[in-house]
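Trainee: My questions all concern the structure below.
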Number of protein chains: 4
Amino acid sequence: MSMETTNSQITTRMSSNSPRVAVVGASGYGGMQIVRLLLDHPFFRITFLGGDKSAGSKWNELFPFLLLNDDIEINKPDIDLIAKTSDFVVLSLPNGIASSLVPNLLDRNLRIVDLSADYRYRSLEKWASSYAIEARKLSRDDNDLCKEAIYGLPEWNQKHISQGKLIAAPGCFPTASLLALLPFINQGLIDYEGIIIDAKTGTSGGGRIAKEHLLLSEASEGISPYGVIGHRHTTEIEQQLSEVARSTIKVQFTPHLVPMARGLLVTSYARLRDPGLTAEDCTTVLEAIYKDQPFIQILPVGTYPSTKWSRYTNKAFLSVQVDKRTSRIVIMSAIDNLFKGQAAQAIQCLNLMGGYDQQLALPLTSYYP
Amino acid sequence: MSMETTNSQITTRMSSNSPRVAVVGASGYGGMQIVRLLLDHPFFRITFLGGDKSAGSKWNELFPFLLLNDDIEINKPDIDLIAKTSDFVVLSLPNGIASSLVPNLLDRNLRIVDLSADYRYRSLEKWASSYAIEARKLSRDDNDLCKEAIYGLPEWNQKHISQGKLIAAPGCFPTASLLALLPFINQGLIDYEGIIIDAKTGTSGGGRIAKEHLLLSEASEGISPYGVIGHRHTTEIEQQLSEVARSTIKVQFTPHLVPMARGLLVTSYARLRDPGLTAEDCTTVLEAIYKDQPFIQILPVGTYPSTKWSRYTNKAFLSVQVDKRTSRIVIMSAIDNLFKGQAAQAIQCLNLMGGYDQQLALPLTSYYP
Amino acid sequence: MSMETTNSQITTRMSSNSPRVAVVGASGYGGMQIVRLLLDHPFFRITFLGGDKSAGSKWNELFPFLLLNDDIEINKPDIDLIAKTSDFVVLSLPNGIASSLVPNLLDRNLRIVDLSADYRYRSLEKWASSYAIEARKLSRDDNDLCKEAIYGLPEWNQKHISQGKLIAAPGCFPTASLLALLPFINQGLIDYEGIIIDAKTGTSGGGRIAKEHLLLSEASEGISPYGVIGHRHTTEIEQQLSEVARSTIKVQFTPHLVPMARGLLVTSYARLRDPGLTAEDCTTVLEAIYKDQPFIQILPVGTYPSTKWSRYTNKAFLSVQVDKRTSRIVIMSAIDNLFKGQAAQAIQCLNLMGGYDQQLALPLTSYYP
Amino acid sequence: MSMETTNSQITTRMSSNSPRVAVVGASGYGGMQIVRLLLDHPFFRITFLGGDKSAGSKWNELFPFLLLNDDIEINKPDIDLIAKTSDFVVLSLPNGIASSLVPNLLDRNLRIVDLSADYRYRSLEKWASSYAIEARKLSRDDNDLCKEAIYGLPEWNQKHISQGKLIAAPGCFPTASLLALLPFINQGLIDYEGIIIDAKTGTSGGGRIAKEHLLLSEASEGISPYGVIGHRHTTEIEQQLSEVARSTIKVQFTPHLVPMARGLLVTSYARLRDPGLTAEDCTTVLEAIYKDQPFIQILPVGTYPSTKWSRYTNKAFLSVQVDKRTSRIVIMSAIDNLFKGQAAQAIQCLNLMGGYDQQLALPLTSYYP
């Protein structure tokens, strides 16, 4: 009766040698998701909660709607304390900050999943050119780590993630864009030139820190583009596409802010190299490539995904159409920006790093409506 | 690491003698919730899906966002077929319709949870006076069943539910109102006269059948009262309060439609008999009464619940304030109208009927935001 | 073809001796509304825009969606400059700040509408007891001004407003509550004891300054009470009710935050002194009292207002029900919290102060949906 | 102090020979907008309200939030009655229905603005190929009228509209798309091949008739594509672009449903013929072309429009970016789908047909937030 059979087949759990996880930046949206998901995990247990503003408070007082069984005090992210209490670390910090902790954490043999962009680029230089403001403030010299870090997109990088010490969890827009485009790039089915990625995200992508434009009064009852041309996820997407294509790919990426809390939809447009391909053909391509992937659901031609279907799950819903008149393919991908687009995908990586089934503690089915 | 330990302690499940459940009215919101929750259940398995409009379709085609492992065809609610395939039945039908199926289903020894109002009243007459339109259309003569049916509010009726054959699942407003008021009625702490219940619900309470006033265009960006004075949940609340009080209680109940899909908040006002009682005293009363109830969370004085905290869970959040100036108590209760207010509470009843831990497959913690 | 005939009967306008208005705190929600409404005013013209953070910027650069014909630079609120440029001042500042400007502005013969609570109480002492935090920070000694200030609720105070020099615009909750309750207090139709005011507001009531709990991610898809027992509008409501009753009235007031940008609904409960009164009788009372009031619309019995109907208008929609079983009256009032609840009502006051028709430039009909 | 000076300069109005307008289909969203806008019109007056379901009711009873000064009864759309009472007709009917009234109305010398798609195509054949379902049900033979009808996009067709007898008001998506793309097509600045139009609309575009997918419960908290490849506005856009280009243009058009009541955003992508053009150059092109157009506001480079800015106005906000890396232009256009995208644009046409200033009674500035 259940697709989530793995969890319940577990008979022993929570033994004292269950792997211990530190969540640093626990009271932002990323951290809260990690805490929520690990609540249901049969093996991993949270042993450290790190935060700056909330340091000294008990978690359950601050989050009466997200109670921990064993209430934990939130602490400043002290390296020694983290090393003493934890085996794994999830970092959910503003861009640039993770890089000030990661080298020391690795020295203590901790294994890390970083939700920020700090280690998503193959070189410090590439990072600095996209994250110029942060780069100017910091003096990073961890180019080696940039090279070694593993890009945490499990559907395309499972083996490396399993053995990784430092996982750079992908951005939310790159996750949805890459899952949609990589199959067609990989198979050489679309032109590398002229790819358009029109993306739509809910407000939680902007984080929990109060900003005027994310107030309900401002963000409700309107949709608007932002970061047109220059959004930093552009280069992250391009790097991954180019690696698979073994050729430089440039995309046109435009994000939009949608009046909803969660959800991310990417509508991608590209020209088919073979104008004879049908939507059914392209759907078959997706089905073949993702046939063993539990978190990818390919929709039949003519069924289009709502981000609402993916809410609070680790799933990506994909759908394809082909316009014969224009020889163009339209690929739609819907995810939950904080789950498959961030924290749940990070847990998927943690599962792999811990040698577990990647599905552990990850919801497959939304509550609707 | 998990508050939901029960599920995972299960070692054997889904054996061929797992109890079989029919869900009739499966494609409305109530039915969909039952299906969704049973997906994660270690014992119960869905063996029949009943629907009129959708009969003949495969479930997974209609609900690509709520996939069943073993896809089932939706059938007309035929008594023989239900009896052959099922041990338990959950009825999620418009008011009045359940009463045309229940007598026959009971004859076949099926055990039933009915989500409608058909068996919530102690007599046919009382039902008919509140559900006059339905009563006029139908010619019910099952007064005996009205008397025998068990009111499915587990926190106040657990023993009877466990042994019940026909459970009348409470209305969403009564659930939130009764959980808030019964402790104070039971302890004789508040005046029976002058109780005000000001309730606020999301649009899913109005069901999935398209109605103009529930369109996003109409229902968004506005709040309005409805059913003022005459709402039918008034008499349901009064019946239950009066039974516990052993005295006739009349309440002033006003529902409001709030621009959100799910959630139900009840703000109740009453006069304290002892004006010396403090909010802390009243909180202690709630804690004592609900101390063994896993689905009731009492908040500290000064912390007020958001329905968002209860979304997609079977929990009720309660909070109390006392105004010394007016000798009045204000009791706030927040639930998910489709879960604790309907379908998840029904599963809680099913768990008890099946002899299981009442917590099986019922979410305790929301995903936030 | 138009209910708003007044505007268009004007033949001459914008002459050089049109009254000049300073808007101080122009970039908050209150100030923005004043600017927007005065855009359409046939006589008043904005000659000064005051703001702290935005000082030095041109209005039209900051507000491309709210263009002024004659673009004005935003200035620090300098008394001399205001006095030189303006005849009237609208102050839209955080509580406490207005009182540091008002005495000096009055000395320069400016006439003032203050949107804050600083002059809503009959004495400094009463203000200080409700606004204790502000009172502790400031050392006000303008008790005389507190006594002289006119409470700006035009439907009940028109004559005094017309001649006033300092108008204290009412709070949003008091406006909706008083318009509903004053008629019945005034006519002695309801018990003074036991009045319950259950209020629901949109997020714009919390202002434009970014706060976590007002983020769309937090405030959407949930409703919650706040300020239970102690909300400061309680004493403001009580003061006005008590003055009309010539007797001390205490009310139970509970506000709730609703997931919408604008709108405020008040549901008031009271016991009828004469239990024989019907809803129709009570509706007639309202119609009689408000028969010359263009901004009050009394709904027929059984029609309940949505705040959506009042959005972007200066109207209050009122509706009454009576429950014979409980001898209670339920009065519903719906307004736009930023318009009739704040800025548009302030313009209504300005119109009266300027000797104009009170309806000038004030919208009567919402755009729907 | 006002941008809307025209209205108030009017000294005489509502004389008995003011032009009379019939609104047929008055209780749908299109009709309601027409009624609302004409409320404020200095000349046009509503003399007939047509509806099927609501026939026999008084308008003010059905629409207490949209009161007419002179309450009118809603009537079946009888040609004789319309002809007797009216000079102009606005038809707001489901696709296909208008064509059964238009020939007769024209025979009676009425001048018509039709909000449906019935006369938007240059030939019956083209209409029938895009509106096949409607074409199968009806037996239209008014190909002549299709040829004669004027496409009601005033910024590009003002002269013809002024003299037109039958105006086909454009679709909402075509309005936003054409205002964005026509300048660059007209100037030959972009490639005709490869134009991508990614559009986002609020739910009111789906009309007021209740449909499951437009319920708040369904449409909130999610975004999804629909009508991918085959949406009927595609051919309407292509027809207009091709006429200006004097060359066949095919576009890739994808609409998305956004969780908001009103608003429509179009993000268009095209390749610049001259890769040296900058965003500033392209902005200058727009400014030059639209310099005399009161309803088009060109935003500075780097300022992106929210549909919220255009809500309840007849304005289109346009913004351009250029990506040198890809030689592509991104043009963003935001409108209110029911106003500039439908009814207000229809009033703009009516104004021109009546020989008035096109701005009469049309809002330029939104209420925000």
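Labeling convention for the structure tokens: chains A, B, ... as they appear, residues from 1 per chain, ligands from 1 in order of appearance.
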Quick check: residues of chain C within 6 Å of chain B, only C-alpha atoms, returned as JSON, numbers by chain.

Mentor: {"C": [217, 221, 222, 223, 224, 229, 260, 305, 306, 307, 308, 323, 369]}

Trainee: Quick one: DSSP strand (DSSP E) residues in range 167-285 of chain B, as a count of residues only?

Mentor: 26

Trainee: Apply DSSP to the structure's backbone, then extract all residues of range 15-263 of chain A labelled alpha helix (DSSP H) and return them as number ranges by chain.

Mentor: A: 29-39, 59-62, 79-85, 102-107, 124-130, 132-137, 143-148, 154-163, 172-186, 216-219, 233-245

Trainee: Here is a test: counting only C-alpha atoms, which residue of D:His160, D:Gly205, D:Val89, D:Ser242 is nearest to Phe339 in chain D?

Mentor: D:Gly205

Trainee: Met353 in chain D: which residues within 7 Å, counting only C-alpha atoms, same-chain residues fewer than 2 positions away excluded, as number ranges by chain?

Mentor: D: 161-164, 349-351, 355

Trainee: Please produce an output containing N, CA and C atoms for each residue in the selection, written as a PDB file, in the first residue's frame.

Mentor:
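Ended up saving to out-v3.pdb:
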ATOM      1  N   ILE D 161      -9.834  52.025 -35.398  1.00  0.00           N
ATOM      2  CA  ILE D 161     -10.783  51.802 -34.298  1.00  0.00           C
ATOM      3  C   ILE D 161     -11.763  52.961 -34.212  1.00  0.00           C
ATOM      4  N   SER D 162     -11.250  54.174 -34.357  1.00  0.00           N
ATOM      5  CA  SER D 162     -12.114  55.358 -34.227  1.00  0.00           C
ATOM      6  C   SER D 162     -13.309  55.287 -35.168  1.00  0.00           C
ATOM      7  N   GLN D 163     -13.052  54.733 -36.332  1.00  0.00           N
ATOM      8  CA  GLN D 163     -14.133  54.709 -37.320  1.00  0.00           C
ATOM      9  C   GLN D 163     -14.831  53.363 -37.429  1.00  0.00           C
ATOM     10  N   GLY D 164     -14.415  52.440 -36.571  1.00  0.00           N
ATOM     11  CA  GLY D 164     -14.922  51.082 -36.691  1.00  0.00           C
ATOM     12  C   GLY D 164     -16.359  50.902 -36.243  1.00  0.00           C
ATOM     13  N   CYS D 349     -11.215  51.546 -26.654  1.00  0.00           N
ATOM     14  CA  CYS D 349     -11.774  51.513 -28.014  1.00  0.00           C
ATOM     15  C   CYS D 349     -13.088  52.300 -28.080  1.00  0.00           C
ATOM     16  N   LEU D 350     -13.956  52.066 -27.113  1.00  0.00           N
ATOM     17  CA  LEU D 350     -15.236  52.792 -27.075  1.00  0.00           C
ATOM     18  C   LEU D 350     -15.000  54.302 -27.060  1.00  0.00           C
ATOM     19  N   ASN D 351     -14.048  54.733 -26.259  1.00  0.00           N
ATOM     20  CA  ASN D 351     -13.733  56.159 -26.206  1.00  0.00           C
ATOM     21  C   ASN D 351     -13.379  56.680 -27.593  1.00  0.00           C
ATOM     22  N   GLY D 355     -15.436  59.315 -30.242  1.00  0.00           N
ATOM     23  CA  GLY D 355     -14.819  60.609 -30.532  1.00  0.00           C
ATOM     24  C   GLY D 355     -14.248  61.297 -29.306  1.00  0.00           C
TER      25      GLY D 355
END

Trainee: Report as a PyMOL selection string all protein, DNA and RNA residues lying within 8 Å of Ile237 in chain D, evaluated on only C-alpha atoms, omitting residues in the same chain fewer than 6 positions from it.

Mentor: chain D and resi 174+177-178

Trainee: Tell me which protein, DNA and RNA residues are within 12 Å of range 95-97 of chain D, counting only C-alpha atoms, leaving out same-chain ones fewer than 6 positions away, and put them as a list in words.

Mentor: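 So the residues in contact are Val24, Gly25, Pro77, Pro103, Asp114, Leu115, Ser116, Ala117, Asp118, Tyr119, Arg120, Leu124, Trp127, Ala128, Ser130, Tyr131, Ala132, Ile133, Glu134, Ala135, Arg136, Lys137, Leu138, Ser139, Arg140, Asp142, Ala168, Gly171 and Arg232 of chain D.
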
Trainee: Suppose you want the space between CA of Cys282 in chain D and CA of Thr235 in chain D; what is it in Å?

Mentor: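 Separating CA of Cys282 in chain D from CA of Thr235 in chain D is a distance of 26.0 Å.
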
Trainee: If I take CA of Gly206 in chain B and CA of Gly28 in chain B, how far is one from the other in Å, to one decimal?

Mentor: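 It comes out at 10.6 Å.
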
Trainee: At what distance in Å, to one decimal, does CA of Pro42 in chain D lie from CA of Asp87 in chain D?

Mentor: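 Between CA of Asp87 in chain D and CA of Pro42 in chain D the gap works out to 16.0 Å.
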